[in-house]
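Source file: protein-v2.txt. Holds: compact mmCIF, C-alpha atoms and all ligand atoms.
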```txt
# COMPACT_ATOMS: atom_id res chain seq x y z
CA MET A 1 72.51 145.26 129.33
CA ALA A 2 74.24 148.25 127.81
CA ALA A 3 72.50 151.13 129.59
CA THR A 4 75.23 153.51 128.41
CA GLY A 5 75.47 152.31 124.79
CA ILE A 6 79.18 151.70 125.43
CA ARG A 7 80.80 148.60 123.95
CA THR A 8 83.76 146.96 125.73
CA VAL A 9 86.94 146.56 123.68
CA ILE A 10 89.75 144.12 124.38
CA ALA A 11 92.62 146.61 124.10
CA GLY A 12 95.44 144.15 124.82
CA THR A 13 96.15 140.49 125.47
CA GLY A 14 99.02 138.78 127.25
CA SER A 15 100.10 135.34 128.32
CA TYR A 16 102.77 133.48 130.22
CA LEU A 17 103.95 129.88 130.20
CA PRO A 18 106.45 128.51 132.72
CA GLU A 19 109.76 127.41 131.19
CA LYS A 20 109.64 123.72 132.05
CA VAL A 21 107.99 121.46 129.46
CA ILE A 22 106.69 117.96 130.21
CA THR A 23 106.29 115.85 127.08
CA ASN A 24 104.18 112.74 126.65
CA PHE A 25 107.45 110.81 126.56
CA ASP A 26 108.30 112.18 130.01
CA LEU A 27 104.91 110.91 131.23
CA GLU A 28 105.57 107.46 129.75
CA LYS A 29 108.29 107.18 132.40
CA MET A 30 105.91 108.15 135.22
CA VAL A 31 102.61 106.29 134.56
CA ASP A 32 101.35 103.43 132.39
CA THR A 33 100.66 105.49 129.27
CA THR A 34 101.99 106.15 125.78
CA ASP A 35 102.53 109.19 123.60
CA GLU A 36 100.29 107.46 121.02
CA TRP A 37 97.37 107.09 123.51
CA ILE A 38 97.59 110.67 124.78
CA LEU A 39 97.96 112.19 121.32
CA SER A 40 95.19 110.17 119.68
CA ARG A 41 92.67 110.60 122.56
CA THR A 42 93.40 114.24 123.46
CA GLY A 43 95.64 115.92 120.88
CA ILE A 44 98.13 116.84 123.63
CA ARG A 45 101.90 116.48 122.98
CA GLU A 46 103.29 118.55 125.84
CA ARG A 47 102.37 120.90 128.66
CA HIS A 48 104.20 123.43 130.84
CA MET A 49 104.92 123.08 134.55
CA ALA A 50 105.50 125.94 137.01
CA ALA A 51 108.82 126.03 138.89
CA PRO A 52 108.53 125.14 142.60
CA GLU A 53 108.85 128.79 143.62
CA GLN A 54 106.13 129.98 141.20
CA ALA A 55 102.54 130.40 142.40
CA THR A 56 99.48 131.24 140.31
CA SER A 57 99.83 134.99 140.96
CA ASP A 58 103.36 134.94 139.52
CA LEU A 59 102.08 133.50 136.23
CA ALA A 60 99.07 135.83 136.30
CA THR A 61 101.31 138.86 136.87
CA GLU A 62 103.42 138.13 133.79
CA ALA A 63 100.34 137.61 131.60
CA GLY A 64 98.78 140.79 133.01
CA ARG A 65 101.92 142.82 132.30
CA GLY A 66 101.89 141.65 128.67
CA ALA A 67 98.25 142.65 128.21
CA LEU A 68 98.76 146.06 129.84
CA GLU A 69 101.76 146.74 127.64
CA MET A 70 99.87 145.86 124.45
CA ALA A 71 96.94 148.03 125.57
CA GLY A 72 99.22 150.92 126.57
CA VAL A 73 97.52 151.06 129.97
CA ASP A 74 99.45 152.12 133.08
CA PRO A 75 98.77 149.67 135.95
CA ALA A 76 98.29 152.67 138.25
CA ASP A 77 95.19 153.58 136.21
CA LEU A 78 93.47 150.17 136.50
CA ASP A 79 90.04 150.19 138.16
CA LEU A 80 89.57 146.44 138.61
CA ILE A 81 91.53 143.19 138.47
CA ILE A 82 89.70 139.85 138.22
CA VAL A 83 91.66 136.61 138.38
CA ALA A 84 89.79 133.47 137.33
CA THR A 85 91.45 130.44 138.88
CA LEU A 86 90.75 127.15 140.60
CA THR A 87 94.32 126.99 141.88
CA PRO A 88 94.71 130.21 143.90
CA ASP A 89 97.92 131.03 145.79
CA HIS A 90 95.99 130.67 149.07
CA TYR A 91 92.34 130.03 149.81
CA PHE A 92 92.47 133.57 151.12
CA PRO A 93 93.35 136.34 150.41
CA SER A 94 92.70 136.52 146.69
CA THR A 95 95.28 135.83 144.02
CA ALA A 96 94.12 139.06 142.36
CA GLY A 97 95.44 141.01 145.37
CA PHE A 98 98.93 139.60 144.82
CA VAL A 99 98.75 140.55 141.15
CA GLN A 100 97.68 144.06 142.20
CA ARG A 101 100.70 144.33 144.50
CA ASN A 102 103.10 142.94 141.89
CA ILE A 103 102.05 145.35 139.14
CA GLY A 104 101.41 148.37 141.39
CA ALA A 105 97.73 148.82 140.52
CA MET A 106 96.89 150.41 143.84
CA LYS A 107 93.75 152.21 142.67
CA ALA A 108 92.10 148.96 141.54
CA ALA A 109 89.56 146.74 143.24
CA ALA A 110 90.65 143.11 143.03
CA PHE A 111 88.99 139.74 143.45
CA ASP A 112 89.14 136.11 142.34
CA LEU A 113 86.47 134.20 140.47
CA GLU A 114 86.00 130.43 140.44
CA ALA A 115 84.21 128.88 137.50
CA ALA A 116 86.89 126.27 136.73
CA CYS A 117 87.73 126.06 133.01
CA THR A 118 84.95 128.54 132.15
CA GLY A 119 86.46 131.10 134.55
CA PHE A 120 87.85 133.43 131.91
CA ILE A 121 84.51 133.67 130.07
CA TYR A 122 82.82 134.48 133.42
CA ALA A 123 85.51 137.08 134.27
CA LEU A 124 85.26 138.66 130.81
CA THR A 125 81.48 138.91 131.24
CA ILE A 126 81.79 140.66 134.61
CA GLY A 127 84.51 142.99 133.33
CA ASP A 128 82.32 143.81 130.33
CA LEU A 129 79.38 144.67 132.59
CA PHE A 130 81.51 147.01 134.73
CA ILE A 131 82.70 148.83 131.59
CA ARG A 132 79.28 149.00 129.90
CA SER A 133 77.61 150.28 133.05
CA GLY A 134 80.10 153.15 133.04
CA THR A 135 81.38 152.16 136.50
CA TYR A 136 84.95 151.41 135.41
CA SER A 137 87.05 152.25 132.37
CA LYS A 138 90.12 150.00 132.76
CA VAL A 139 89.70 146.38 133.77
CA LEU A 140 92.31 143.59 133.75
CA VAL A 141 90.89 140.06 133.48
CA ILE A 142 93.21 137.11 133.90
CA GLY A 143 92.87 133.33 133.79
CA ALA A 144 95.77 131.62 135.57
CA GLU A 145 96.47 128.16 136.91
CA VAL A 146 99.17 126.03 138.49
CA LEU A 147 97.23 122.80 138.01
CA THR A 148 100.26 120.51 138.06
CA ARG A 149 100.40 121.04 141.84
CA PHE A 150 96.89 119.57 142.25
CA LEU A 151 97.26 116.43 140.16
CA ASN A 152 97.67 112.84 141.25
CA TRP A 153 100.83 111.91 139.35
CA GLU A 154 99.94 108.24 139.74
CA ASP A 155 96.54 108.62 138.00
CA ARG A 156 97.08 108.26 134.25
CA GLU A 157 93.48 109.28 133.55
CA THR A 158 94.05 112.84 134.78
CA CYS A 159 97.75 113.66 135.08
CA VAL A 160 98.32 113.54 131.31
CA LEU A 161 95.67 116.17 130.61
CA PHE A 162 96.58 119.34 132.48
CA GLY A 163 99.24 122.05 132.42
CA ASP A 164 100.15 125.43 133.92
CA GLY A 165 99.91 128.89 132.39
CA ALA A 166 98.18 132.27 132.38
CA GLY A 167 96.42 134.52 129.90
CA ALA A 168 95.06 138.04 130.28
CA ALA A 169 93.04 140.77 128.59
CA VAL A 170 92.67 144.50 129.23
CA LEU A 171 89.15 145.83 128.81
CA VAL A 172 88.36 149.47 128.01
CA PRO A 173 85.34 151.34 126.61
CA GLY A 174 85.32 151.38 122.80
CA SER A 175 85.05 154.57 120.80
CA ASP A 176 83.36 153.50 117.55
CA GLY A 177 80.49 151.39 118.93
CA LYS A 178 81.33 148.58 116.46
CA LYS A 179 84.41 146.86 117.86
CA GLY A 180 84.26 144.90 121.06
CA ILE A 181 82.35 142.33 123.05
CA ILE A 182 79.01 141.79 121.34
CA SER A 183 77.45 139.15 123.57
CA THR A 184 78.32 136.80 126.42
CA HIS A 185 76.51 133.64 127.53
CA LEU A 186 77.04 131.87 130.86
CA HIS A 187 75.68 128.54 132.14
CA SER A 188 76.13 126.19 135.07
CA ASP A 189 74.78 122.83 136.25
CA GLY A 190 75.74 122.14 139.85
CA SER A 191 73.91 118.82 139.82
CA MET A 192 76.91 117.31 138.03
CA ALA A 193 79.58 118.87 140.28
CA GLU A 194 81.23 115.58 141.24
CA LEU A 195 82.02 114.60 137.65
CA LEU A 196 85.05 116.87 137.88
CA TYR A 197 86.30 118.12 141.25
CA ALA A 198 88.80 117.94 144.10
CA PRO A 199 87.11 116.23 147.09
CA ALA A 200 89.35 117.57 149.87
CA GLY A 201 91.27 120.65 150.83
CA VAL A 202 88.72 123.22 151.94
CA SER A 203 85.50 123.21 154.08
CA ARG A 204 83.76 120.01 152.88
CA MET A 205 86.77 117.90 153.75
CA PRO A 206 89.67 119.83 155.29
CA ILE A 207 93.21 118.65 154.69
CA THR A 208 94.13 115.71 156.92
CA LYS A 209 96.90 113.17 156.67
CA GLU A 210 94.33 110.58 155.51
CA ALA A 211 93.01 112.90 152.81
CA ILE A 212 96.52 113.52 151.53
CA ASP A 213 97.42 109.82 151.67
CA GLN A 214 94.37 109.09 149.51
CA LYS A 215 95.23 112.06 147.27
CA LEU A 216 91.74 113.49 147.79
CA ASN A 217 93.10 117.01 147.33
CA THR A 218 93.81 116.32 143.65
CA VAL A 219 91.68 116.52 140.50
CA LYS A 220 89.17 113.66 140.11
CA MET A 221 87.35 113.33 136.81
CA ARG A 222 84.89 110.94 135.21
CA GLY A 223 86.41 111.75 131.83
CA ASN A 224 84.07 109.90 129.57
CA GLU A 225 80.93 111.41 131.12
CA VAL A 226 82.47 114.90 131.14
CA PHE A 227 83.38 114.47 127.47
CA LYS A 228 79.77 113.74 126.45
CA VAL A 229 78.28 116.62 128.44
CA ALA A 230 80.98 118.98 127.09
CA VAL A 231 80.17 118.18 123.45
CA THR A 232 76.41 118.65 124.01
CA ARG A 233 76.61 121.84 126.07
CA LEU A 234 79.17 123.49 123.79
CA SER A 235 76.98 122.71 120.80
CA GLU A 236 74.03 124.36 122.60
CA VAL A 237 75.97 127.46 123.64
CA VAL A 238 77.37 128.10 120.16
CA ASP A 239 73.79 127.82 118.84
CA GLU A 240 72.80 130.39 121.45
CA VAL A 241 75.47 132.79 120.16
CA ILE A 242 74.31 132.27 116.56
CA GLN A 243 70.65 132.88 117.50
CA ALA A 244 71.37 135.88 119.75
CA ASN A 245 73.35 137.65 117.04
CA GLY A 246 71.53 136.39 113.93
CA LEU A 247 74.79 134.97 112.55
CA GLY A 248 75.12 133.30 109.17
CA GLU A 249 77.65 130.65 108.19
CA ASP A 250 80.43 133.08 107.24
CA ASP A 251 80.03 135.41 110.20
CA ILE A 252 82.56 133.68 112.46
CA ASP A 253 86.17 134.32 111.41
CA PHE A 254 87.81 132.46 114.30
CA LEU A 255 86.82 130.04 117.03
CA VAL A 256 88.95 130.27 120.18
CA PRO A 257 87.81 127.21 122.13
CA HIS A 258 88.69 125.89 125.55
CA GLN A 259 91.72 123.67 125.04
CA ALA A 260 90.82 120.43 126.84
CA ASN A 261 90.66 117.85 124.09
CA LEU A 262 91.16 118.16 120.32
CA ARG A 263 88.18 115.85 119.69
CA ILE A 264 85.85 118.19 121.63
CA ILE A 265 87.27 121.17 119.69
CA GLN A 266 86.72 119.38 116.37
CA ALA A 267 83.13 118.54 117.33
CA THR A 268 82.39 122.24 117.99
CA ALA A 269 84.11 123.26 114.73
CA ARG A 270 81.99 120.71 112.81
CA LYS A 271 78.85 122.05 114.45
CA LEU A 272 79.81 125.57 113.28
CA LYS A 273 80.85 124.25 109.83
CA LEU A 274 84.21 125.94 110.42
CA PRO A 275 87.34 124.53 108.75
CA MET A 276 90.12 123.83 111.26
CA GLU A 277 92.18 126.74 109.75
CA LYS A 278 89.68 129.03 111.50
CA VAL A 279 90.08 127.33 114.85
CA ILE A 280 92.84 128.35 117.24
CA VAL A 281 94.39 125.17 118.61
CA THR A 282 97.02 125.24 121.36
CA VAL A 283 96.00 122.12 123.28
CA ASP A 284 98.89 120.26 121.61
CA VAL A 285 101.49 122.43 123.34
CA HIS A 286 99.62 123.76 126.39
CA GLY A 287 97.43 120.84 127.51
CA ASN A 288 94.36 121.84 129.50
CA THR A 289 95.25 124.95 131.51
CA SER A 290 91.67 125.45 132.77
CA ALA A 291 90.84 129.15 133.23
CA ALA A 292 94.07 130.10 131.43
CA SER A 293 93.28 128.12 128.31
CA VAL A 294 91.08 130.55 126.35
CA PRO A 295 93.09 133.74 127.04
CA LEU A 296 96.35 131.88 126.32
CA ALA A 297 95.03 130.69 122.95
CA LEU A 298 93.62 134.17 122.24
CA ASP A 299 96.97 135.83 122.94
CA VAL A 300 98.80 133.35 120.71
CA ALA A 301 96.35 134.09 117.88
CA VAL A 302 96.51 137.87 118.34
CA ARG A 303 100.31 138.08 118.63
CA SER A 304 100.86 135.81 115.62
CA GLY A 305 98.65 138.13 113.56
CA ARG A 306 95.99 135.49 112.86
CA ILE A 307 93.24 137.47 114.59
CA LYS A 308 93.15 140.94 113.05
CA GLU A 309 91.10 144.10 113.25
CA GLY A 310 87.53 143.48 112.09
CA ASP A 311 87.57 139.71 112.69
CA GLN A 312 84.57 138.22 114.47
CA VAL A 313 85.76 135.81 117.13
CA LEU A 314 83.82 133.22 119.12
CA LEU A 315 85.31 132.24 122.48
CA GLU A 316 83.89 129.22 124.33
CA ALA A 317 84.71 127.10 127.36
CA PHE A 318 83.44 124.19 129.40
CA GLY A 319 84.58 122.82 132.74
CA GLY A 320 84.06 121.94 136.37
CA GLY A 321 80.87 123.09 138.05
CA LEU A 322 79.83 121.97 135.59
CA THR A 323 80.04 125.34 133.86
CA TRP A 324 80.09 126.48 130.25
CA GLY A 325 79.86 129.70 128.33
CA ALA A 326 80.76 131.74 125.29
CA ALA A 327 81.60 135.27 124.20
CA PHE A 328 81.28 136.81 120.73
CA VAL A 329 83.76 139.61 120.02
CA ARG A 330 84.40 141.87 117.03
CA TRP A 331 88.15 142.59 116.99
C1 LIG A 401 89.93 111.79 129.56
C2 LIG A 401 89.68 111.36 128.13
C3 LIG A 401 90.82 111.85 127.24
C4 LIG A 401 89.63 109.84 128.07
O1 LIG A 401 89.39 109.44 126.74
P1 LIG A 401 88.29 108.32 126.45
O2 LIG A 401 88.36 108.05 125.03
O3 LIG A 401 87.00 108.82 127.05
O4 LIG A 401 88.87 107.11 127.24
P2 LIG A 401 88.19 106.28 128.42
O5 LIG A 401 88.09 107.14 129.64
O6 LIG A 401 86.94 105.67 127.87
O7 LIG A 401 89.28 105.19 128.64
C5 LIG A 401 89.58 104.23 127.66
C6 LIG A 401 90.67 103.33 128.17
O8 LIG A 401 91.92 104.05 128.21
C7 LIG A 401 92.52 103.90 129.48
N1 LIG A 401 93.30 105.10 129.80
C8 LIG A 401 92.87 106.21 130.46
N2 LIG A 401 93.88 107.09 130.53
C9 LIG A 401 94.93 106.53 129.91
C10 LIG A 401 96.24 106.97 129.65
N3 LIG A 401 96.70 108.16 130.05
N4 LIG A 401 97.07 106.15 128.97
C11 LIG A 401 96.65 104.95 128.54
N5 LIG A 401 95.42 104.48 128.75
C12 LIG A 401 94.57 105.28 129.43
C13 LIG A 401 91.37 103.69 130.43
O9 LIG A 401 91.82 103.05 131.61
C14 LIG A 401 90.45 102.83 129.60
O10 LIG A 401 90.93 101.51 129.66
P3 LIG A 401 89.89 100.27 129.67
O11 LIG A 401 89.13 100.39 128.37
O12 LIG A 401 90.79 99.12 129.76
O13 LIG A 401 89.03 100.51 130.86
C15 LIG A 401 88.35 111.92 127.62
O14 LIG A 401 87.29 111.27 128.26
C16 LIG A 401 88.20 113.38 127.83
O15 LIG A 401 88.90 114.16 127.22
N6 LIG A 401 87.23 113.78 128.67
C17 LIG A 401 86.89 115.13 128.90
C18 LIG A 401 88.04 115.84 129.47
C19 LIG A 401 87.72 117.24 129.71
O16 LIG A 401 87.34 117.92 128.83
N7 LIG A 401 87.89 117.61 130.94
C20 LIG A 401 87.92 118.87 131.41
C21 LIG A 401 86.81 119.68 131.00
S1 LIG A 401 87.46 121.18 131.32
```

How does the structure come out when it is put into structure tokens?
Amino acid sequence: MAATGIRTVIAGTGSYLPEKVITNFDLEKMVDTTDEWILSRTGIRERHMAAPEQATSDLATEAGRGALEMAGVDPADLDLIIVATLTPDHYFPSTAGFVQRNIGAMKAAAFDLEAACTGFIYALTIGDLFIRSGTYSKVLVIGAEVLTRFLNWEDRETCVLFGDGAGAAVLVPGSDGKKGIISTHLHSDGSMAELLYAPAGVSRMPITKEAIDQKLNTVKMRGNEVFKVAVTRLSEVVDEVIQANGLGEDDIDFLVPHQANLRIIQATARKLKLPMEKVIVTVDVHGNTSAASVPLALDVAVRSGRIKEGDQVLLEAFGGGLTWGAAFVRW
């Protein structure tokens, strides 16, 4: 907890989406699906796809630059870079190291964090702890993914859901003690790991020709089961935020949810009795970008002027692990 009494402020946000857009109509030509099915079951209309030469660190770098610029922080002054991703450039070294090199943050420590779609909430929590402990004063946290490279483009149950992108936030110590990250809440249940995972590619099942032929290095998901757990766990974690901070009905100005499925987002909004005008929705145009989803939606809301100084904002996410979590922030 806050031994120093410092509160961490999000001084800048940034995001990046690759140029290429894949619409539901494009997918109709690739797998047995329809725009109507995808839109009604998920709320997704389109998603972005990285160019062949772009890796996760390239997307992360652009998002990071945007956040640093908004915060007015020189990359050379950064103390720490955390990249949350399940689609790193390489399995080693870290994607964060490439971001460091790209932006010239040579004083910073840098590492990756893997908590699937909840990765940004985990990274924000760790960044917050480094600031509040007084260890660091300038931290860049990024969620970035090139998921389209790890999808089975013949599996209509998964390939329609995901997209590529990156979002970032710069964390600094606050000066007034009011603004900033008020609480964070992290959870995990490894007993359900295989509901959403990639069976092959690393130590459990290294890449072989057979593994590739069976597309075992791509995302496998038991969607219906994941859906039910997501709704329950997100309901629990938002309750936890309400209890921890003694919040009343009007105390949340905006919900910035993980953008996996509009029906899951609506269920959380109903639970919070929040009208959809107070919910930031980007799933229609981003799809599920895993660790990038929350910071991408946050940046869209901040840059469009929807989230303003003084607003109380609830961020939440759920994903592989299974993992879930939330952060409550006063802007
Ligand atoms: C994936 C998801 C959209 C599927 O929606 P659903 O309403 O649960 O649909 P089901 O999986 O029950 O499938 C219903 C039918 O649609 C079919 N279907 C699945 N994908 C389809 C597609 N892209 N196009 C057309 N039909 C499809 C199924 O084969 C099934 O057909 P059947 O009834 O003949 O067997 C939904 O389960 C979901 O969003 N899950 C959670 C996803 C998530 O949040 N994941 C990541 C967490 S980070």

Return as JSON, numbers by chain every polymer residue, whether protein, DNA or RNA, with at least one atom no more than 9 Å from an atom of ligand LIG 401 (chain A); count only C-alpha atoms and all ligand atoms.
{"A": [27, 28, 31, 32, 33, 34, 35, 36, 37, 38, 40, 41, 42, 43, 116, 117, 118, 155, 156, 157, 158, 159, 160, 161, 162, 196, 221, 222, 223, 224, 225, 226, 227, 228, 229, 230, 231, 258, 259, 260, 261, 262, 263, 264, 288, 289, 290, 291, 317, 318, 319, 320, 322, 323]}

Generate the output file for the selected residues, C-alpha atoms, as a tab-separated table (two decimals), keeping the file's coordinate frame.
```
chain	number	residue	atom	x	y	z
A	27	LEU	CA	104.91	110.91	131.23
A	28	GLU	CA	105.57	107.46	129.75
A	31	VAL	CA	102.61	106.29	134.56
A	32	ASP	CA	101.35	103.43	132.39
A	33	THR	CA	100.66	105.49	129.27
A	34	THR	CA	101.99	106.15	125.78
A	35	ASP	CA	102.53	109.19	123.60
A	36	GLU	CA	100.29	107.46	121.02
A	37	TRP	CA	97.37	107.09	123.51
A	38	ILE	CA	97.59	110.67	124.78
A	40	SER	CA	95.19	110.17	119.68
A	41	ARG	CA	92.67	110.60	122.56
A	42	THR	CA	93.40	114.24	123.46
A	43	GLY	CA	95.64	115.92	120.88
A	116	ALA	CA	86.89	126.27	136.73
A	117	CYS	CA	87.73	126.06	133.01
A	118	THR	CA	84.95	128.54	132.15
A	155	ASP	CA	96.54	108.62	138.00
A	156	ARG	CA	97.08	108.26	134.25
A	157	GLU	CA	93.48	109.28	133.55
A	158	THR	CA	94.05	112.84	134.78
A	159	CYS	CA	97.75	113.66	135.08
A	160	VAL	CA	98.32	113.54	131.31
A	161	LEU	CA	95.67	116.17	130.61
A	162	PHE	CA	96.58	119.34	132.48
A	196	LEU	CA	85.05	116.87	137.88
A	221	MET	CA	87.35	113.33	136.81
A	222	ARG	CA	84.89	110.94	135.21
A	223	GLY	CA	86.41	111.75	131.83
A	224	ASN	CA	84.07	109.90	129.57
A	225	GLU	CA	80.93	111.41	131.12
A	226	VAL	CA	82.47	114.90	131.14
A	227	PHE	CA	83.38	114.47	127.47
A	228	LYS	CA	79.77	113.74	126.45
A	229	VAL	CA	78.28	116.62	128.44
A	230	ALA	CA	80.98	118.98	127.09
A	231	VAL	CA	80.17	118.18	123.45
A	258	HIS	CA	88.69	125.89	125.55
A	259	GLN	CA	91.72	123.67	125.04
A	260	ALA	CA	90.82	120.43	126.84
A	261	ASN	CA	90.66	117.85	124.09
A	262	LEU	CA	91.16	118.16	120.32
A	263	ARG	CA	88.18	115.85	119.69
A	264	ILE	CA	85.85	118.19	121.63
A	288	ASN	CA	94.36	121.84	129.50
A	289	THR	CA	95.25	124.95	131.51
A	290	SER	CA	91.67	125.45	132.77
A	291	ALA	CA	90.84	129.15	133.23
A	317	ALA	CA	84.71	127.10	127.36
A	318	PHE	CA	83.44	124.19	129.40
A	319	GLY	CA	84.58	122.82	132.74
A	320	GLY	CA	84.06	121.94	136.37
A	322	LEU	CA	79.83	121.97	135.59
A	323	THR	CA	80.04	125.34	133.86
```

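Going from atom CA of A:Val281 over to atom CA of A:Met30, you cover 26.4 Å.
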
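Nearest residue to A:Arg101 among A:Ala76, A:Tyr122, A:Ala71, A:Arg7 is A:Ala76, counting all atoms listed in the file.
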
Please indicate the distance in Å from atom CA of A:Gly287 to atom CA of A:Ala60, rounded to one decimal place.
17.5 Å

Which one is closest to A:Thr13: A:Arg330, A:Arg65, A:Lys179, A:His48? Count all atoms listed in the file.
A:Arg65

Which distance in Å separates atom CA of A:Val146 and atom CA of A:Thr56, to one decimal?
5.5 Å

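Every protein or nucleic acid residue with an atom no more than 7 Å from A:Asp112, counting all atoms listed in the file and leaving out same-chain residues fewer than 6 positions away, appears here: Ile82, Val83, Ala84, Ser94, Thr95 and Ala96 of chain A.
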
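Residue nearest A:Met70 within the list A:Ala292, A:Ala200, A:Leu113, A:Val170: A:Val170 [criterion: smallest interatomic distance, all atoms listed in the file].
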